[in-house]
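Asker: Input model-v9.txt, format and content: compact mmCIF, C-alpha atoms and all ligand atoms.
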```txt
# COMPACT_ATOMS: atom_id res chain seq x y z
CA MET Y 20 -5.46 -35.70 -16.10
CA LYS Y 21 -2.46 -33.60 -15.22
CA ASP Y 22 -3.61 -30.77 -17.47
CA GLU Y 23 -7.01 -30.85 -15.87
CA ILE Y 24 -5.49 -30.37 -12.43
CA ASN Y 25 -3.35 -27.48 -13.59
CA CYS Y 26 -6.38 -25.94 -15.18
CA THR Y 27 -8.39 -25.87 -11.94
CA GLU Y 28 -5.33 -24.68 -10.08
CA LEU Y 29 -4.94 -21.77 -12.44
CA GLU Y 30 -8.64 -20.98 -12.28
CA ASN Y 31 -8.57 -21.02 -8.47
CA LEU Y 32 -5.53 -18.77 -8.33
CA THR Y 33 -7.04 -16.25 -10.74
CA ARG Y 34 -10.24 -16.24 -8.75
CA PHE Y 35 -8.28 -15.68 -5.56
CA LEU Y 36 -6.28 -12.80 -7.05
CA ILE Y 37 -9.42 -11.10 -8.33
CA ALA Y 38 -11.11 -11.54 -4.94
CA LEU Y 39 -8.15 -9.96 -3.13
CA GLY Y 40 -8.05 -7.21 -5.75
CA ASP Y 41 -11.78 -6.59 -5.27
CA ASP Y 42 -11.34 -6.31 -1.49
CA SER Y 43 -8.66 -3.67 -2.04
CA VAL Y 44 -10.23 -1.66 -4.84
CA ILE Y 45 -13.65 -1.42 -3.17
CA TYR Y 46 -12.14 -0.46 0.16
CA SER Y 47 -9.89 2.07 -1.55
CA HIS Y 48 -12.88 3.65 -3.25
CA ARG Y 49 -14.68 4.00 0.06
CA LEU Y 50 -11.68 5.71 1.65
CA SER Y 51 -11.31 8.02 -1.34
CA GLU Y 52 -14.84 9.29 -0.68
CA TRP Y 53 -13.28 11.22 2.22
CA CYS Y 54 -11.21 13.27 -0.24
CA SER Y 55 -11.96 16.94 0.55
CA ASN Y 56 -14.35 15.82 3.34
CA GLY Y 57 -11.76 14.89 5.98
CA PRO Y 58 -12.08 16.44 9.44
CA TYR Y 59 -8.99 18.57 8.73
CA LEU Y 60 -6.37 18.85 6.04
CA GLU Y 61 -3.78 16.43 7.46
CA GLU Y 62 -6.42 13.75 8.05
CA ASP Y 63 -7.85 14.30 4.61
CA ILE Y 64 -4.41 13.62 3.17
CA ALA Y 65 -3.89 10.60 5.40
CA LEU Y 66 -7.22 9.01 4.40
CA THR Y 67 -6.49 9.42 0.71
CA ASN Y 68 -2.92 8.18 1.08
CA VAL Y 69 -4.20 5.00 2.67
CA ALA Y 70 -6.71 4.76 -0.19
CA LEU Y 71 -3.81 5.04 -2.62
CA ASP Y 72 -1.96 2.18 -0.94
CA TYR Y 73 -5.04 -0.01 -1.40
CA THR Y 74 -5.39 1.01 -5.05
CA GLY Y 75 -1.76 0.00 -5.49
CA ARG Y 76 -2.48 -3.43 -4.03
CA ALA Y 77 -5.55 -3.91 -6.16
CA ARG Y 78 -3.53 -3.08 -9.27
CA LEU Y 79 -0.85 -5.64 -8.40
CA PHE Y 80 -3.43 -8.38 -7.78
CA TYR Y 81 -5.40 -7.54 -10.95
CA GLN Y 82 -2.28 -7.24 -13.12
CA TYR Y 83 -1.16 -10.65 -11.99
CA ALA Y 84 -4.65 -12.09 -12.61
CA ALA Y 85 -4.74 -10.52 -16.09
CA LYS Y 86 -1.35 -12.03 -16.86
CA LEU Y 87 -2.55 -15.51 -15.83
CA GLU Y 88 -5.85 -15.23 -17.71
CA ASP Y 89 -3.96 -14.08 -20.79
CA ASN Y 90 -7.09 -13.24 -22.77
CA GLY Y 91 -6.27 -9.66 -23.70
CA LYS Y 92 -8.10 -8.19 -20.72
CA THR Y 93 -6.31 -5.69 -18.51
CA GLU Y 94 -6.49 -4.59 -14.90
CA ASP Y 95 -8.88 -1.83 -16.04
CA ASP Y 96 -11.33 -4.31 -17.56
CA ILE Y 97 -11.38 -6.19 -14.28
CA ALA Y 98 -12.00 -3.07 -12.20
CA TYR Y 99 -14.33 -1.12 -14.45
CA LEU Y 100 -16.26 -3.52 -16.63
CA ARG Y 101 -17.64 -6.13 -14.26
CA THR Y 102 -21.07 -5.98 -12.70
CA GLU Y 103 -22.07 -6.09 -9.06
CA ARG Y 104 -22.61 -9.86 -9.02
CA GLU Y 105 -19.17 -10.41 -10.53
CA PHE Y 106 -17.40 -8.57 -7.71
CA THR Y 107 -16.31 -10.95 -4.97
CA ASN Y 108 -15.09 -8.61 -2.23
CA LEU Y 109 -15.87 -9.42 1.38
CA LEU Y 110 -18.75 -7.24 2.53
CA ILE Y 111 -16.94 -5.23 5.21
CA HIS Y 112 -14.98 -3.44 2.48
CA GLU Y 113 -18.09 -2.09 0.75
CA LEU Y 114 -19.98 -0.66 3.75
CA PRO Y 115 -20.52 3.09 3.40
CA ILE Y 116 -18.04 5.36 5.16
CA ASN Y 117 -20.66 6.52 7.62
CA ASP Y 118 -19.06 8.92 10.14
CA PHE Y 119 -15.37 9.32 10.99
CA ALA Y 120 -15.64 6.98 14.01
CA PHE Y 121 -17.04 4.22 11.79
CA THR Y 122 -14.38 4.81 9.13
CA MET Y 123 -11.57 4.66 11.69
CA LEU Y 124 -12.89 1.64 13.56
CA ARG Y 125 -13.22 -0.27 10.30
CA GLN Y 126 -9.72 0.93 9.39
CA TYR Y 127 -8.42 -0.40 12.71
CA PHE Y 128 -10.11 -3.78 12.19
CA MET Y 129 -8.73 -3.93 8.65
CA ASP Y 130 -5.23 -2.93 9.76
CA VAL Y 131 -5.01 -5.64 12.43
CA PHE Y 132 -6.43 -8.14 9.95
CA TYR Y 133 -4.10 -7.25 7.09
CA CYS Y 134 -1.02 -7.17 9.34
CA LEU Y 135 -1.76 -10.80 10.25
CA TYR Y 136 -3.07 -11.94 6.88
CA LEU Y 137 -0.36 -10.43 4.71
CA GLN Y 138 2.32 -11.66 7.08
CA ALA Y 139 1.01 -15.19 6.53
CA LEU Y 140 0.52 -14.64 2.79
CA SER Y 141 4.12 -13.47 2.45
CA GLY Y 142 5.01 -17.11 3.03
CA SER Y 143 2.96 -18.24 0.01
CA LYS Y 144 4.54 -20.75 -2.33
CA ASP Y 145 3.51 -18.49 -5.17
CA GLU Y 146 6.43 -16.08 -5.57
CA SER Y 147 4.50 -13.15 -7.01
CA LEU Y 148 1.80 -13.40 -4.39
CA SER Y 149 4.42 -13.54 -1.67
CA ALA Y 150 6.14 -10.44 -3.10
CA ILE Y 151 2.91 -8.44 -3.25
CA ALA Y 152 2.07 -9.43 0.33
CA THR Y 153 5.54 -8.51 1.60
CA LYS Y 154 5.27 -5.05 0.05
CA ALA Y 155 1.71 -4.41 1.23
CA LEU Y 156 2.45 -5.66 4.75
CA LYS Y 157 4.83 -2.79 5.39
CA GLU Y 158 2.09 -0.36 4.44
CA SER Y 159 -0.47 -1.96 6.76
CA HIS Y 160 1.95 -1.77 9.69
CA TYR Y 161 2.17 1.95 9.05
CA HIS Y 162 -1.61 2.31 8.75
CA LEU Y 163 -2.05 0.62 12.12
CA LYS Y 164 0.19 3.23 13.72
CA ARG Y 165 -2.38 5.80 12.71
CA SER Y 166 -5.63 3.93 13.41
CA GLU Y 167 -4.74 2.81 16.96
CA PRO Y 168 -4.29 6.27 18.48
CA TRP Y 169 -7.46 7.44 16.73
CA ILE Y 170 -9.54 4.67 18.31
CA LYS Y 171 -8.12 5.49 21.74
CA LEU Y 172 -8.76 9.17 21.26
CA LEU Y 173 -12.34 8.67 20.10
CA ALA Y 174 -13.22 5.93 22.59
CA GLN Y 175 -11.79 7.84 25.53
CA GLY Y 176 -12.76 11.28 24.26
CA THR Y 177 -16.15 12.92 24.69
CA ASP Y 178 -19.43 11.11 25.34
CA GLU Y 179 -20.36 11.79 21.75
CA SER Y 180 -17.18 10.33 20.25
CA ARG Y 181 -17.40 7.26 22.49
CA GLN Y 182 -21.05 6.72 21.57
CA ARG Y 183 -20.10 6.85 17.92
CA ILE Y 184 -17.33 4.29 18.36
CA LEU Y 185 -19.75 1.97 20.17
CA ARG Y 186 -22.35 2.41 17.46
CA ALA Y 187 -19.74 1.66 14.79
CA GLN Y 188 -18.66 -1.45 16.68
CA ALA Y 189 -22.21 -2.75 16.93
CA GLU Y 190 -22.56 -2.46 13.14
CA LEU Y 191 -19.11 -3.76 12.20
CA GLU Y 192 -19.28 -6.82 14.46
CA ASN Y 193 -21.75 -8.35 12.03
CA PHE Y 194 -19.25 -8.20 9.21
CA THR Y 195 -15.87 -9.08 10.73
CA GLY Y 196 -16.63 -12.82 10.82
CA GLU Y 197 -16.66 -13.02 7.02
CA LEU Y 198 -12.97 -12.10 6.97
CA PHE Y 199 -12.24 -15.61 8.25
CA LEU Y 200 -14.51 -17.65 5.97
CA MET Y 201 -13.33 -19.49 2.87
CA GLU Y 202 -14.97 -21.00 -0.20
CA THR Y 203 -13.95 -24.48 -1.35
CA TRP Y 204 -11.62 -23.11 -4.01
CA GLU Y 205 -9.77 -21.03 -1.44
CA VAL Y 206 -9.38 -24.06 0.81
CA GLN Y 207 -7.86 -25.93 -2.15
CA LEU Y 208 -5.33 -23.11 -2.55
CA VAL Y 209 -4.56 -23.30 1.16
CA ASP Y 210 -3.81 -27.02 0.79
CA GLN Y 211 -1.38 -26.19 -2.00
CA GLY Y 212 0.43 -23.64 0.16
CA ILE Y 213 -0.67 -20.76 -2.07
CA ALA Y 214 -3.39 -19.14 0.02
CA VAL Y 215 -3.60 -18.67 3.78
CA ASP Y 216 -5.96 -20.45 6.16
CA ARG Y 217 -8.10 -17.58 7.40
CA SER Y 218 -9.51 -19.56 10.30
CA LEU Y 219 -6.02 -19.80 11.80
CA ILE Y 220 -5.76 -16.02 11.90
CA GLN Y 221 -9.12 -15.48 13.56
CA LEU Y 222 -8.01 -16.30 17.12
CA GLU Y 223 -5.04 -13.97 17.02
CA TRP Y 224 -7.11 -11.21 15.44
CA GLU Y 225 -9.74 -11.49 18.14
CA ARG Y 226 -7.09 -11.58 20.84
CA GLN Y 227 -5.41 -8.40 19.61
CA VAL Y 228 -8.64 -6.52 18.99
CA SER Y 229 -10.21 -7.43 22.36
CA ALA Y 230 -7.05 -6.58 24.29
CA PHE Y 231 -6.74 -3.23 22.55
CA LEU Y 232 -10.39 -2.26 22.93
CA ALA Y 233 -10.33 -3.35 26.59
CA GLU Y 234 -7.76 -0.58 27.21
CA SER Y 235 -10.58 1.82 26.38
CA ASN Y 236 -13.03 -0.19 28.44
CA ILE Y 237 -14.84 -1.62 25.43
CA GLN Y 238 -15.82 -5.23 25.32
CA PHE Y 239 -15.40 -6.94 22.00
CA THR Y 240 -17.78 -9.77 21.23
CA GLN Y 241 -18.01 -11.59 17.94
CA THR Y 242 -21.77 -11.68 17.44
CA GLN Y 243 -23.68 -14.75 16.33
CA LEU Y 244 -25.19 -12.82 13.47
CA GLN Y 245 -22.53 -12.89 10.79
CA VAL Y 246 -23.42 -11.57 7.40
CA SER Y 247 -21.62 -13.23 4.48
CA GLY Y 248 -21.93 -13.76 0.74
CA GLY Y 249 -19.41 -11.34 -0.71
CA ARG Y 250 -17.13 -14.03 -2.14
CA CYS Y 251 -20.10 -15.44 -4.09
CA GLY Y 252 -21.12 -12.05 -5.43
CA ILE Y 253 -24.04 -11.59 -3.04
CA HIS Y 254 -23.64 -8.06 -1.77
CA THR Y 255 -25.25 -5.46 0.44
CA GLU Y 256 -27.43 -2.86 -1.23
CA HIS Y 257 -24.49 -0.46 -1.09
CA LEU Y 258 -22.16 -1.99 -3.67
CA GLY Y 259 -24.26 -1.16 -6.72
CA HIS Y 260 -24.25 2.52 -5.84
CA LEU Y 261 -20.52 2.46 -5.29
CA LEU Y 262 -19.89 0.80 -8.65
CA SER Y 263 -22.12 3.21 -10.52
CA GLU Y 264 -19.84 5.97 -9.34
CA MET Y 265 -16.53 4.13 -9.60
CA GLN Y 266 -17.23 2.82 -13.10
CA TYR Y 267 -18.96 5.91 -14.43
CA LEU Y 268 -16.14 7.09 -16.67
CA GLN Y 269 -15.41 3.74 -18.33
CA ARG Y 270 -19.10 3.05 -18.81
CA THR Y 271 -19.74 6.46 -20.36
CA TYR Y 272 -16.56 6.68 -22.43
CA PRO Y 273 -15.49 3.07 -23.09
CA GLY Y 274 -11.76 2.64 -23.58
CA MET Y 275 -10.95 6.06 -22.09
CA LYS Y 276 -7.33 6.31 -20.92
CA TRP Y 277 -5.34 8.76 -18.78
CA MET B 23 17.88 22.03 24.18
CA VAL B 24 20.65 20.74 21.98
CA LYS B 25 21.41 22.84 18.97
CA ARG B 26 24.17 22.19 16.52
CA SER B 27 25.71 24.82 14.31
CA ILE B 28 24.50 24.71 10.73
CA SER B 29 28.06 24.35 9.48
CA GLU B 30 28.38 21.02 11.25
CA LYS B 31 27.65 18.58 8.47
CA ARG B 32 25.75 15.34 8.95
CA ILE B 33 27.61 12.42 7.49
CA SER B 34 25.44 9.88 5.75
CA VAL B 35 26.53 6.29 6.08
CA ALA B 36 26.00 3.55 3.53
CA THR B 37 23.69 0.76 4.69
CA PRO B 38 24.41 -2.93 3.96
CA GLN B 39 21.48 -2.91 1.50
CA PHE B 40 22.99 0.01 -0.36
CA ALA B 41 26.45 -1.57 -0.34
CA LYS B 42 24.95 -4.63 -1.99
CA ARG B 43 23.27 -2.53 -4.67
CA LYS B 44 26.48 -0.62 -5.26
CA SER B 45 28.62 -3.69 -5.72
CA HIS B 46 26.04 -5.10 -8.12
CA ARG B 47 26.17 -1.91 -10.15
CA GLU B 48 29.95 -1.80 -10.14
CA SER B 49 30.21 -5.37 -11.38
CA SER B 50 27.94 -4.64 -14.36
CA LYS B 51 29.37 -4.46 -17.88
CA HIS B 52 27.02 -1.65 -18.82
CA GLN B 53 28.46 1.30 -16.91
CA ALA B 54 27.47 3.78 -19.63
CA VAL B 55 23.79 2.87 -19.28
CA TRP B 56 23.84 2.99 -15.47
CA SER B 57 25.39 6.46 -15.68
CA LEU B 58 22.85 7.52 -18.28
CA LEU B 59 20.03 6.44 -15.99
CA ASP B 60 21.42 8.69 -13.25
CA GLU B 61 19.74 11.47 -15.23
CA ILE B 62 16.29 10.11 -14.30
CA CYS B 63 14.73 11.52 -11.15
CA ASP B 64 11.57 10.77 -9.24
CA PRO B 65 9.16 13.51 -10.43
CA GLU B 66 8.01 13.98 -6.85
CA LEU B 67 11.56 14.31 -5.56
CA PRO B 68 13.37 16.29 -8.24
CA GLY B 69 17.07 16.22 -7.50
CA ILE B 70 17.18 12.62 -6.38
CA SER B 71 18.00 10.11 -9.06
CA ILE B 72 16.24 6.77 -9.24
CA TRP B 73 19.58 5.20 -8.41
CA ASP B 74 19.99 7.26 -5.24
CA LEU B 75 16.38 6.61 -4.23
CA GLY B 76 17.02 2.89 -4.49
CA ILE B 77 14.40 2.03 -7.09
CA LEU B 78 16.74 1.36 -10.02
CA VAL B 79 17.37 -2.36 -9.75
CA ASP B 80 19.12 -3.70 -12.80
CA VAL B 81 20.38 -3.15 -16.33
CA VAL B 82 20.43 -6.23 -18.53
CA ARG B 83 21.38 -6.62 -22.18
CA GLN B 84 20.48 -9.48 -24.43
CA ASP B 85 21.84 -8.98 -27.96
CA SER B 86 20.48 -5.56 -28.88
CA ARG B 87 17.66 -5.68 -26.34
CA TRP B 88 17.90 -3.74 -23.10
CA THR B 89 15.85 -4.49 -20.02
CA ILE B 90 15.83 -1.91 -17.23
CA SER B 91 14.35 -3.14 -13.96
CA ILE B 92 12.84 -0.72 -11.48
CA MET B 93 10.64 -1.08 -8.41
CA SER B 94 8.10 1.22 -6.82
CA THR B 95 8.54 2.75 -3.38
CA TYR B 96 4.93 2.23 -2.23
CA SER B 97 2.62 -0.09 -4.15
CA GLY B 98 0.27 2.76 -4.99
CA CYS B 99 3.01 5.20 -5.96
CA PRO B 100 1.68 7.01 -9.04
CA ALA B 101 5.17 8.18 -10.03
CA VAL B 102 6.42 4.77 -11.07
CA ASP B 103 4.57 4.69 -14.41
CA SER B 104 5.93 8.05 -15.43
CA ILE B 105 9.43 7.05 -14.35
CA GLY B 106 9.11 4.01 -16.63
CA GLN B 107 8.17 6.29 -19.50
CA ASP B 108 11.05 8.66 -18.76
CA ILE B 109 13.48 5.74 -18.90
CA ALA B 110 12.10 4.43 -22.19
CA GLU B 111 12.28 7.89 -23.77
CA LEU B 112 15.78 8.64 -22.55
CA MET B 113 17.10 5.27 -23.74
CA MET B 114 15.48 5.82 -27.12
CA ARG B 115 16.96 9.31 -27.49
CA ARG B 116 20.46 8.00 -26.71
CA GLY B 117 20.24 5.28 -29.31
CA TYR B 118 19.22 2.29 -27.20
CA GLU B 119 16.15 1.72 -29.32
CA ASP B 120 15.04 -1.68 -28.13
CA THR B 121 14.36 -1.05 -24.45
CA THR B 122 11.87 -2.65 -22.09
CA VAL B 123 11.20 -1.36 -18.59
CA LYS B 124 10.41 -4.13 -16.16
CA PHE B 125 8.71 -3.54 -12.81
CA VAL B 126 9.96 -5.91 -10.13
CA LEU B 127 8.16 -6.65 -6.87
CA ALA B 128 10.76 -8.42 -4.78
CA PRO B 129 12.66 -7.57 -2.71
CA ALA B 130 10.30 -4.91 -1.36
CA TRP B 131 11.74 -1.41 -1.49
CA SER B 132 13.02 -0.04 1.78
CA THR B 133 14.50 3.30 2.78
CA GLU B 134 17.64 1.31 3.63
CA MET B 135 18.25 1.13 -0.12
CA ILE B 136 18.75 4.90 -0.44
CA SER B 137 22.32 5.97 -1.19
CA PRO B 138 24.29 8.26 1.17
CA GLU B 139 24.18 10.87 -1.62
CA GLY B 140 20.40 10.50 -1.72
CA LEU B 141 20.17 11.13 2.02
CA ASP B 142 22.33 14.24 1.56
CA SER B 143 20.08 15.47 -1.25
CA LEU B 144 17.03 15.03 0.99
CA ARG B 145 18.68 17.25 3.61
CA GLU B 146 19.51 19.82 0.95
CA MET B 147 15.85 19.85 -0.08
CA LYS B 148 14.97 20.49 3.60
CA ILE B 149 13.43 17.02 3.93
CA ALA B 150 14.44 15.16 7.09
CA PRO B 151 15.98 11.79 6.07
CA PRO B 152 14.58 8.51 7.43
CA ASP B 153 15.77 7.47 10.87
CA LYS B 154 15.29 3.96 12.26
CA ASP B 155 14.37 5.24 15.72
CA ASN B 156 12.25 8.05 14.30
CA ARG B 157 14.57 10.68 15.76
CA VAL B 158 13.53 13.44 13.44
CA GLU B 159 15.89 16.37 13.24
CA CYS B 160 14.75 19.75 11.90
CA PRO B 161 16.35 20.19 8.47
CA VAL B 162 16.41 23.96 8.92
CA CYS B 163 17.94 24.59 12.38
CA GLN B 164 19.07 20.99 13.16
CA GLY B 165 17.08 21.08 16.39
CA SER B 166 15.91 17.74 17.75
CA ASN B 167 12.81 19.11 19.44
CA THR B 168 10.31 18.17 16.75
CA ARG B 169 6.77 16.81 16.71
CA LEU B 170 4.63 14.83 14.32
CA LEU B 171 1.86 16.85 12.66
CA SER B 172 0.56 14.19 10.30
CA GLN B 173 1.60 10.67 9.43
CA PHE B 174 1.15 11.43 5.77
CA GLY B 175 2.67 14.44 4.05
CA SER B 176 2.64 15.66 0.48
CA THR B 177 3.31 12.16 -0.87
CA ALA B 178 2.96 8.62 0.49
CA CYS B 179 6.67 8.45 1.34
CA LYS B 180 6.64 11.47 3.64
CA ALA B 181 5.19 12.48 6.99
CA LEU B 182 4.67 16.05 8.17
CA TYR B 183 6.63 17.35 11.17
CA GLN B 184 7.09 20.65 12.92
CA CYS B 185 10.16 21.99 14.67
CA GLN B 186 9.36 23.28 18.17
CA ASP B 187 12.45 25.50 18.15
CA CYS B 188 12.20 27.40 14.88
CA LEU B 189 8.52 26.51 14.27
CA GLU B 190 9.23 25.48 10.69
CA SER B 191 7.06 22.63 9.43
CA PHE B 192 8.82 20.18 7.16
CA ASP B 193 8.56 16.82 5.43
CA TYR B 194 10.10 13.75 7.01
CA PHE B 195 10.98 10.90 4.67
CA LYS B 196 9.35 7.98 6.49
CA CYS B 197 11.55 5.11 7.59
CA PHE B 198 10.06 2.25 5.65
ZN ZN Y 301 14.01 24.04 13.40
```
Take the structure I supplied and represent it as structure tokens, if you would.

Answerer:
Amino acid sequence: MKDEINCTELENLTRFLIALGDDSVIYSHRLSEWCSNGPYLEEDIALTNVALDYTGRARLFYQYAAKLEDNGKTEDDIAYLRTEREFTNLLIHELPINDFAFTMLRQYFMDVFYCLYLQALSGSKDESLSAIATKALKESHYHLKRSEPWIKLLAQGTDESRQRILRAQAELENFTGELFLMETWEVQLVDQGIAVDRSLIQLEWERQVSAFLAESNIQFTQTQLQVSGGRCGIHTEHLGHLLSEMQYLQRTYPGMKW
Amino acid sequence: MVKRSISEKRISVATPQFAKRKSHRESSKHQAVWSLLDEICDPELPGISIWDLGILVDVVRQDSRWTISIMSTYSGCPAVDSIGQDIAELMMRRGYEDTTVKFVLAPAWSTEMISPEGLDSLREMKIAPPDKDNRVECPVCQGSNTRLLSQFGSTACKALYQCQDCLESFDYFKCF
């Protein structure tokens, strides 16, 4: 009986690590699409540096998952050799970069979310998870220092930039709710003090986001229409295209190394 | 406008975090290996050893096996893998054949772990050292009238600033 419990526990933890890794690697790939397309050089560098931070996180989550699975698979197998339905990232991470306003508003939503989420996760009973969260949290605090002024600038800038922020908000509102949903296995991890109860973060996230957007005279409303399914491998039409590009090298030249 | 003469030298002070690292190093039985590892630099900051940067954590020996622990600055820092390789190669060349490099996650790296010598080396490389209150001083003319150009510079650990007095743009090592 005891072994059985440990077995599910281990399976849940691995699943959780891969899900968090998927969130990070998919988001990182989206940000990296700005490389050489940024509005100007400094911003180009900033976007790709943030992407790099997320790749770093993904690697830490995947490496830890690979260590627990202990079946000879590496972080690269997890990132490059799974199919669309096997990826369990929350959908907001996979949405196309769209225009700069959309990219920055999503970044802002992500930054506020990760500052809260990683702060809570740093108190995880799992030591490695807590260490990864503590490290990544510092990075998200820094990212937020960049996304906040951008949102203000765009929302209070020209008619065009404000329109674009509003358009981005209308689209993103449908996907932010999923950040606070959990599958049964994640709830089990919460009960064990390993994962974080996402629903407890939601109120604070909404409070911070609404207060900040109100400064630019934007009303934030969590819409009733909330798209979800990412954690079960049900994705938007966009993920397949992303993967075909991200996994191209490993699929074409299996086993290729740096 | 406050300008200081270039001859006036900044004095770098040791932080409590660095003092803790230093006393750990000094209490180690493997002084020769610690000194040897001072030869390893961050490839993106040539001139600053991994010890001075604060990422060399520990040297442990078990029988003939050596374990060198290091940490990364930022989680996505691409330099950390190559630093691991550099350590393994150097150890091998100097006769410590059975060496493992271990990457540790906790405690998270912070700029508070940088040695006073490391801060001095940053200044010599014309990189403004981290400052808790983000008072960024121009590393060329020491002027304090500087402005942020970009929150990210040539690497994840730096931001780009410009001096309003001498107009030089320079890297600022982010306080992290
Ligand atoms: Zn100057």

Asker: Pick out the chain Y residues within 6 Å of chain B. Count all atoms listed in the file. Give them as a PyMOL selection string.

Answerer: chain Y and resi 61+65+68+71-72+74-75+150+154

Asker: Save the residues we just selected, C-alpha atoms, as an mmCIF file, in the coordinates of the input?

Answerer:
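Contents of the output file out-v5.cif:
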```cif
data_model
loop_
_atom_site.group_PDB
_atom_site.id
_atom_site.type_symbol
_atom_site.label_atom_id
_atom_site.label_comp_id
_atom_site.auth_asym_id
_atom_site.auth_seq_id
_atom_site.Cartn_x
_atom_site.Cartn_y
_atom_site.Cartn_z
ATOM 1 C CA GLU Y 61 -3.780 16.430 7.460
ATOM 2 C CA ALA Y 65 -3.890 10.600 5.400
ATOM 3 C CA ASN Y 68 -2.920 8.180 1.080
ATOM 4 C CA LEU Y 71 -3.810 5.040 -2.620
ATOM 5 C CA ASP Y 72 -1.960 2.180 -0.940
ATOM 6 C CA THR Y 74 -5.390 1.010 -5.050
ATOM 7 C CA GLY Y 75 -1.760 0.000 -5.490
ATOM 8 C CA ALA Y 150 6.140 -10.440 -3.100
ATOM 9 C CA LYS Y 154 5.270 -5.050 0.050
#
```

Asker: Please check which protein, DNA or RNA residues sit within 8 Å of ligand ZN 301 (chain Y), counting only C-alpha atoms and all ligand atoms, and write them as a list in words.

Answerer: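 I would give the residues around ligand ZN 301 (chain Y) as Glu159, Cys160, Pro161, Val162, Cys163, Gln164, Gly165, Ser166, Asn167, Thr168, Gln184, Cys185, Gln186, Asp187, Cys188, Leu189 and Glu190 of chain B.
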
Asker: Restricting the calculation to all atoms listed in the file, which member of Y:Ile111, Y:Ala38, Y:Ile151, Y:Leu29 is positioned closest to Glu190 of chain Y?

Answerer: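 Going through Y:Ile111, Y:Ala38, Y:Ile151, Y:Leu29 one by one, the smallest distance to Glu190 of chain Y is for Y:Ile111.
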
Asker: One decimal, Å: what's the distance from atom CA of Ser50 of chain B over to atom CA of Thr133 of chain B, could you say?

Answerer: 23.2 Å

Asker: Draw an axis-aligned box over all listed atoms of segment 159-166 of chain Y, pad each side with 6 Å, and write its centre and edge lengths in Å, one decimal, as AutoDock Vina command-line options.

Answerer:
```
--center_x -1.7 --center_y 1.9 --center_z 10.2 --size_x 19.8 --size_y 19.8 --size_z 19.0
```

Asker: Please report the interatomic distance between atom CA of Pro151 of chain B and atom CA of Leu112 of chain B in Å with one decimal.

Answerer: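 A separation of 28.8 Å between them.
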
Asker: Go ahead and compute the interatomic distance for atom CA of Glu113 of chain Y and atom CA of Arg125 of chain Y, in Å to one decimal.

Answerer: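 Value for the atom CA of Glu113 of chain Y-atom CA of Arg125 of chain Y distance: 10.9 Å.
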
Asker: Give me, as JSON, numbers by chain, all polymer residues having an atom no more than 12 Å from segment 228-233 of chain Y, counting all atoms listed in the file and skipping those fewer than 6 positions away in the same chain.

Answerer: {"Y": [124, 125, 127, 128, 129, 130, 131, 132, 135, 163, 166, 167, 168, 169, 170, 171, 172, 173, 174, 175, 181, 184, 185, 188, 192, 195, 221, 222, 239, 240, 241]}

Asker: Write out as number ranges by chain each polymer residue whose atoms come within 10 Å of Ser91 of chain B, counting only C-alpha atoms; drop sequence neighbours fewer than 3 positions from it.

Answerer: B: 77-82, 88, 106, 122-126

Asker: Out of B:Leu141, B:Leu58, B:Ala101, B:Ile136, which residue has the shortest atom-to-atom distance to Ile33 of chain B when counting only C-alpha atoms?

Answerer: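 Closest to Ile33 of chain B, using only C-alpha atoms: B:Leu141.
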
Asker: Show me, as a VMD selection string, the residues that have an atom within 7 Å of segment 40-42 of chain B when counting all atoms listed in the file, minus same-chain residues fewer than 5 positions from it.

Answerer: chain B and resid 134 to 137

Asker: Contacts of Gly69 of chain B at 9 Å or less, counting all atoms listed in the file, minus same-chain residues fewer than 5 places along, as number ranges by chain?

Answerer: B: 63-64, 140, 143-144, 147

Asker: So which one's closest to Trp73 of chain B, B:Arg157, B:Arg87, B:His52, B:Lys44? Using only C-alpha atoms, please.

Answerer: B:Lys44

Asker: From the list Y:Thr271, Y:Ser218, Y:Ser141, Y:Asn90, which residue is nearest Glu205 of chain Y when using only C-alpha atoms?

Answerer: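 Of Y:Thr271, Y:Ser218, Y:Ser141, Y:Asn90, the one nearest Glu205 of chain Y is Y:Ser218, counting only C-alpha atoms.
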
Asker: Name the residues in contact with Asp216 of chain Y at a cut-off of 12 Å, using all atoms listed in the file, excluding same-chain residues fewer than 6 positions from it; report them as an MDAnalysis selection string.

Answerer: chainID Y and resid 135:137 139:140 142:143 198:210 222

Asker: Given the choices Y:Ala120, Y:Leu87, Y:Leu219, Y:Leu100, which gets closest to Ala187 of chain Y if the distance is worked out from all atoms listed in the file?

Answerer: Y:Ala120

Asker: Nearest to Ile105 of chain B: which of B:Glu146, B:Glu48, B:Asp193, B:Glu66 is it, counting only C-alpha atoms?

Answerer: B:Glu66
